[in-house]
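Note: the block below is entry00.csv and it holds CSV, C-alpha atoms.
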```csv
chain,number,residue,atom,x,y,z
K,1,MET,CA,-1.3,0.5,-20.4
K,2,MET,CA,-0.9,1.4,-16.7
K,3,ARG,CA,1.7,-0.1,-14.3
K,4,ASN,CA,0.3,-0.5,-10.8
K,5,VAL,CA,3.0,-0.6,-8.2
K,6,PHE,CA,2.6,-1.7,-4.6
K,7,GLY,CA,5.4,-1.4,-2.1
K,8,LEU,CA,5.9,-3.4,1.0
K,9,GLY,CA,8.8,-2.2,3.1
K,10,LEU,CA,11.7,-2.4,0.6
K,11,ALA,CA,10.1,-5.1,-1.6
K,12,ILE,CA,8.0,-3.9,-4.6
K,13,VAL,CA,5.6,-6.0,-6.7
K,14,LEU,CA,4.8,-4.9,-10.2
K,15,ALA,CA,1.5,-6.0,-11.7
K,16,VAL,CA,-0.8,-4.9,-14.5
K,17,SER,CA,-4.3,-3.9,-13.3
K,18,PRO,CA,-4.7,-6.2,-10.3
K,19,ALA,CA,-8.2,-6.4,-8.9
K,20,LEU,CA,-7.0,-7.6,-5.5
K,21,ALA,CA,-3.6,-7.3,-3.8
K,22,GLN,CA,-2.7,-8.8,-0.5
K,23,GLU,CA,0.2,-7.8,1.8
K,24,THR,CA,1.4,-9.5,5.0
K,25,VAL,CA,3.4,-7.4,7.5
K,26,THR,CA,4.9,-7.9,11.0
K,27,ALA,CA,4.4,-5.0,13.5
K,28,GLN,CA,5.3,-4.3,17.1
K,29,SER,CA,2.4,-3.8,19.4
K,30,GLY,CA,1.6,-0.1,19.8
K,31,GLN,CA,4.2,1.1,17.3
K,32,GLU,CA,3.4,2.8,14.1
K,33,THR,CA,4.6,0.6,11.2
K,34,ARG,CA,4.8,1.5,7.5
K,35,VAL,CA,3.0,-1.4,5.8
K,36,GLY,CA,3.4,-0.3,2.2
K,37,TRP,CA,2.5,2.1,-0.5
K,38,ILE,CA,0.2,2.2,-3.5
K,39,GLY,CA,0.7,4.1,-6.7
K,40,SER,CA,1.0,3.6,-10.4
K,41,LEU,CA,3.0,4.6,-13.5
K,42,LYS,CA,2.1,5.2,-17.1
K,43,ALA,CA,3.6,3.0,-19.8
K,44,ASP,CA,6.2,5.7,-20.4
K,45,CYS,CA,7.3,5.5,-16.7
K,46,SER,CA,5.8,8.9,-15.8
K,47,PRO,CA,3.6,8.9,-12.6
K,48,ASN,CA,-0.2,8.7,-12.6
K,49,PRO,CA,-1.9,10.9,-10.0
K,50,ALA,CA,-1.9,9.4,-6.5
K,51,PRO,CA,-4.7,6.9,-6.0
K,52,LYS,CA,-7.9,7.9,-4.1
K,53,LEU,CA,-8.1,5.3,-1.3
K,54,ARG,CA,-10.9,4.7,1.2
K,55,PRO,CA,-11.1,2.0,3.9
K,56,ALA,CA,-13.3,-0.8,2.8
K,57,LYS,CA,-12.7,-2.7,6.1
K,58,LEU,CA,-11.2,-1.0,9.1
K,59,ALA,CA,-8.7,-2.8,11.4
K,60,ASP,CA,-10.3,-4.4,14.4
K,61,HIS,CA,-7.4,-3.9,16.7
K,62,GLY,CA,-5.6,-0.7,15.5
K,63,GLN,CA,-5.6,2.4,13.4
K,64,ILE,CA,-4.5,3.1,9.8
K,65,LYS,CA,-3.0,6.3,8.5
K,66,LEU,CA,-2.8,7.2,4.8
K,67,VAL,CA,-0.1,9.7,3.8
K,68,PRO,CA,0.3,11.1,0.2
K,69,ALA,CA,4.0,11.0,-0.9
K,70,GLU,CA,6.3,10.8,-3.8
K,71,VAL,CA,8.2,7.4,-3.7
K,72,THR,CA,11.3,6.7,-5.8
K,73,THR,CA,12.0,3.1,-6.8
K,74,ASN,CA,14.4,1.2,-8.9
K,75,LYS,CA,12.4,-2.0,-8.8
K,76,VAL,CA,10.2,-1.4,-11.8
K,77,ALA,CA,11.6,-3.0,-15.0
K,78,ASN,CA,12.5,-0.4,-17.7
K,79,CYS,CA,11.8,2.5,-15.3
K,80,PRO,CA,15.0,3.2,-13.4
K,81,HIS,CA,14.7,5.8,-10.6
K,82,ALA,CA,10.9,5.9,-11.2
K,83,LYS,CA,9.1,8.6,-9.2
K,84,VAL,CA,5.6,7.4,-8.1
K,85,LEU,CA,2.9,9.6,-6.7
K,86,ALA,CA,1.6,7.3,-4.0
K,87,VAL,CA,-0.2,6.9,-0.8
K,88,VAL,CA,1.9,5.4,2.0
K,89,VAL,CA,0.0,3.2,4.4
K,90,PHE,CA,0.8,3.1,8.1
K,91,TYR,CA,-0.7,0.8,10.9
K,92,THR,CA,-0.6,1.2,14.7
K,93,SER,CA,-2.1,-1.5,16.9
K,94,SER,CA,-3.8,-0.9,20.2
K,95,SER,CA,-1.0,-0.7,22.8
K,96,ALA,CA,-1.6,-4.1,24.5
K,97,TYR,CA,-2.8,-6.0,21.4
K,98,LYS,CA,-0.9,-9.1,20.1
K,99,GLY,CA,-2.2,-11.3,17.4
K,100,THR,CA,-3.4,-10.9,13.8
K,101,ASP,CA,-5.3,-7.9,12.4
K,102,THR,CA,-6.5,-7.1,8.9
K,103,PHE,CA,-7.8,-4.1,7.0
K,104,THR,CA,-8.8,-3.5,3.4
K,105,LEU,CA,-8.4,-0.3,1.3
K,106,ALA,CA,-10.4,0.3,-1.9
K,107,SER,CA,-9.2,2.4,-4.8
K,108,ASP,CA,-11.9,3.9,-7.0
K,109,GLY,CA,-9.6,4.9,-9.8
K,110,THR,CA,-10.7,5.8,-13.3
K,111,ASP,CA,-9.2,2.7,-14.8
K,112,GLU,CA,-10.2,-0.2,-12.7
K,113,PRO,CA,-11.4,-0.3,-9.0
K,114,SER,CA,-9.2,-2.5,-6.8
K,115,GLU,CA,-8.8,-3.6,-3.2
K,116,HIS,CA,-5.7,-4.0,-1.1
K,117,THR,CA,-5.9,-6.2,1.9
K,118,TYR,CA,-3.3,-6.0,4.6
K,119,THR,CA,-2.7,-8.8,7.2
K,120,ILE,CA,-0.7,-7.6,10.2
K,121,SER,CA,1.0,-10.0,12.6
K,122,VAL,CA,1.3,-7.9,15.8
K,123,ARG,CA,4.0,-9.0,18.3
```

Conversion result in structure tokens:
Amino acid sequence: MMRNVFGLGLAIVLAVSPALAQETVTAQSGQETRVGWIGSLKADCSPNPAPKLRPAKLADHGQIKLVPAEVTTNKVANCPHAKVLAVVVFYTSSSAYKGTDTFTLASDGTDEPSEHTYTISVR
């Protein structure tokens, strides 16, 4: 069994093999904002390799940046201080844009493909 972990700011959601995840984030216009991270753990709490992500739908009013990183979390049941090999997701809107923007990332992992849609409320 694999434990997929998605992080949004400081909140973390644990799910088993989700096909679709949705995140909603607030960002300041023109400022880079960390909107979350995507990674998974094995049943024994050891990390899986970082996911291979690709944009399935680009943001209409901004840019996304994907950064590989090791994330440590205490939010996974039975896995204290878990280290997750993840991809951290950043979003930056166009400098004058205010409104709602969305983008979707697809993961073509070996277990089950999944999509992660982010809705950004830009202020």

Which neighbours of segment 63-68 of chain K fall inside 7 Å, counting only C-alpha atoms, when residues of the same chain fewer than 2 positions from it are skipped, and could you give them as a tab-separated table (two decimals) with C-alpha atoms, in the frame of the given file?
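part12.tsv written:
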```tsv
chain	number	residue	atom	x	y	z
K	59	ALA	CA	-8.70	-2.80	11.40
K	86	ALA	CA	1.60	7.30	-4.00
K	87	VAL	CA	-0.20	6.90	-0.80
K	88	VAL	CA	1.90	5.40	2.00
K	89	VAL	CA	0.00	3.20	4.40
K	90	PHE	CA	0.80	3.10	8.10
K	91	TYR	CA	-0.70	0.80	10.90
K	92	THR	CA	-0.60	1.20	14.70
K	93	SER	CA	-2.10	-1.50	16.90
```

Quick one: residues within 8 Å of segment 116-118 of chain K, all atoms listed in the file counted, chain neighbours fewer than 6 positions away excluded, as a tab-separated table (two decimals) with C-alpha atoms, in the frame of the given file?
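Resulting contents of part.tsv:
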```
chain	number	residue	atom	x	y	z
K	20	LEU	CA	-7.00	-7.60	-5.50
K	21	ALA	CA	-3.60	-7.30	-3.80
K	22	GLN	CA	-2.70	-8.80	-0.50
K	23	GLU	CA	0.20	-7.80	1.80
K	24	THR	CA	1.40	-9.50	5.00
K	25	VAL	CA	3.40	-7.40	7.50
K	35	VAL	CA	3.00	-1.40	5.80
K	102	THR	CA	-6.50	-7.10	8.90
K	103	PHE	CA	-7.80	-4.10	7.00
K	104	THR	CA	-8.80	-3.50	3.40
K	105	LEU	CA	-8.40	-0.30	1.30
K	106	ALA	CA	-10.40	0.30	-1.90
```

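Counting only C-alpha atoms and comparing K:Ser40, K:Thr100, K:Thr119, K:Ser46, the residue that lies closest to His61 of chain K is K:Thr100.
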
Problem - Separation of atom CA of Pro55 of chain K from atom CA of Gly39 of chain K in Å - result: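 About the pair atom CA of Gly39 of chain K and atom CA of Pro55 of chain K: they are 16.0 Å apart.
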
Handout entry: Which of K:Glu115, K:Asn74, K:Asp108, K:Lys57 sits closest to Cys45 of chain K [using all atoms listed in the file]
Key =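 When distances to Cys45 of chain K are compared using all atoms listed in the file, the smallest one comes from K:Asn74.
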
Practice task
For the point (-1.4, 12.1, -8.1) in the file's frame, write as JSON, numbers by chain all residues with an atom no more than 12 Å away, counting only C-alpha atoms.
Solution key: {"K": [38, 39, 40, 41, 42, 46, 47, 48, 49, 50, 51, 52, 53, 68, 69, 70, 71, 83, 84, 85, 86, 87, 109]}

Keeping only C-alpha atoms, write those residues as a CSV table (one decimal), in the coordinates of the input.
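Dumped everything to again23.csv:
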```
chain,number,residue,atom,x,y,z
K,38,ILE,CA,0.2,2.2,-3.5
K,39,GLY,CA,0.7,4.1,-6.7
K,40,SER,CA,1.0,3.6,-10.4
K,41,LEU,CA,3.0,4.6,-13.5
K,42,LYS,CA,2.1,5.2,-17.1
K,46,SER,CA,5.8,8.9,-15.8
K,47,PRO,CA,3.6,8.9,-12.6
K,48,ASN,CA,-0.2,8.7,-12.6
K,49,PRO,CA,-1.9,10.9,-10.0
K,50,ALA,CA,-1.9,9.4,-6.5
K,51,PRO,CA,-4.7,6.9,-6.0
K,52,LYS,CA,-7.9,7.9,-4.1
K,53,LEU,CA,-8.1,5.3,-1.3
K,68,PRO,CA,0.3,11.1,0.2
K,69,ALA,CA,4.0,11.0,-0.9
K,70,GLU,CA,6.3,10.8,-3.8
K,71,VAL,CA,8.2,7.4,-3.7
K,83,LYS,CA,9.1,8.6,-9.2
K,84,VAL,CA,5.6,7.4,-8.1
K,85,LEU,CA,2.9,9.6,-6.7
K,86,ALA,CA,1.6,7.3,-4.0
K,87,VAL,CA,-0.2,6.9,-0.8
K,109,GLY,CA,-9.6,4.9,-9.8
```

Handout entry: K:Asp60, K:Ser107, K:Ser29, K:Gly36 ranked by distance to Ser95 of chain K, top pick (using all atoms listed in the file)
Key =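 Under the stated criterion, the closest residue is K:Ser29.
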
Problem - Non-local contacts of Ala27 of chain K (8 Å; all atoms listed in the file; under 4 positions in same chain excluded) as a list of chain:residue names - result: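 Residues meeting the cut-off are K:Gln31, K:Glu32, K:Thr33, K:Ile120, K:Ser121, K:Val122, K:Arg123.
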
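The space between atom CA of Tyr97 of chain K and atom CA of Gly30 of chain K spans 7.5 Å.
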
Practice task
Go ahead and compute the interatomic distance for atom CA of Gly62 of chain K and atom CA of Ser114 of chain K, in Å to one decimal.
Solution key: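 Answer for the atom CA of Gly62 of chain K to atom CA of Ser114 of chain K separation: 22.7 Å.
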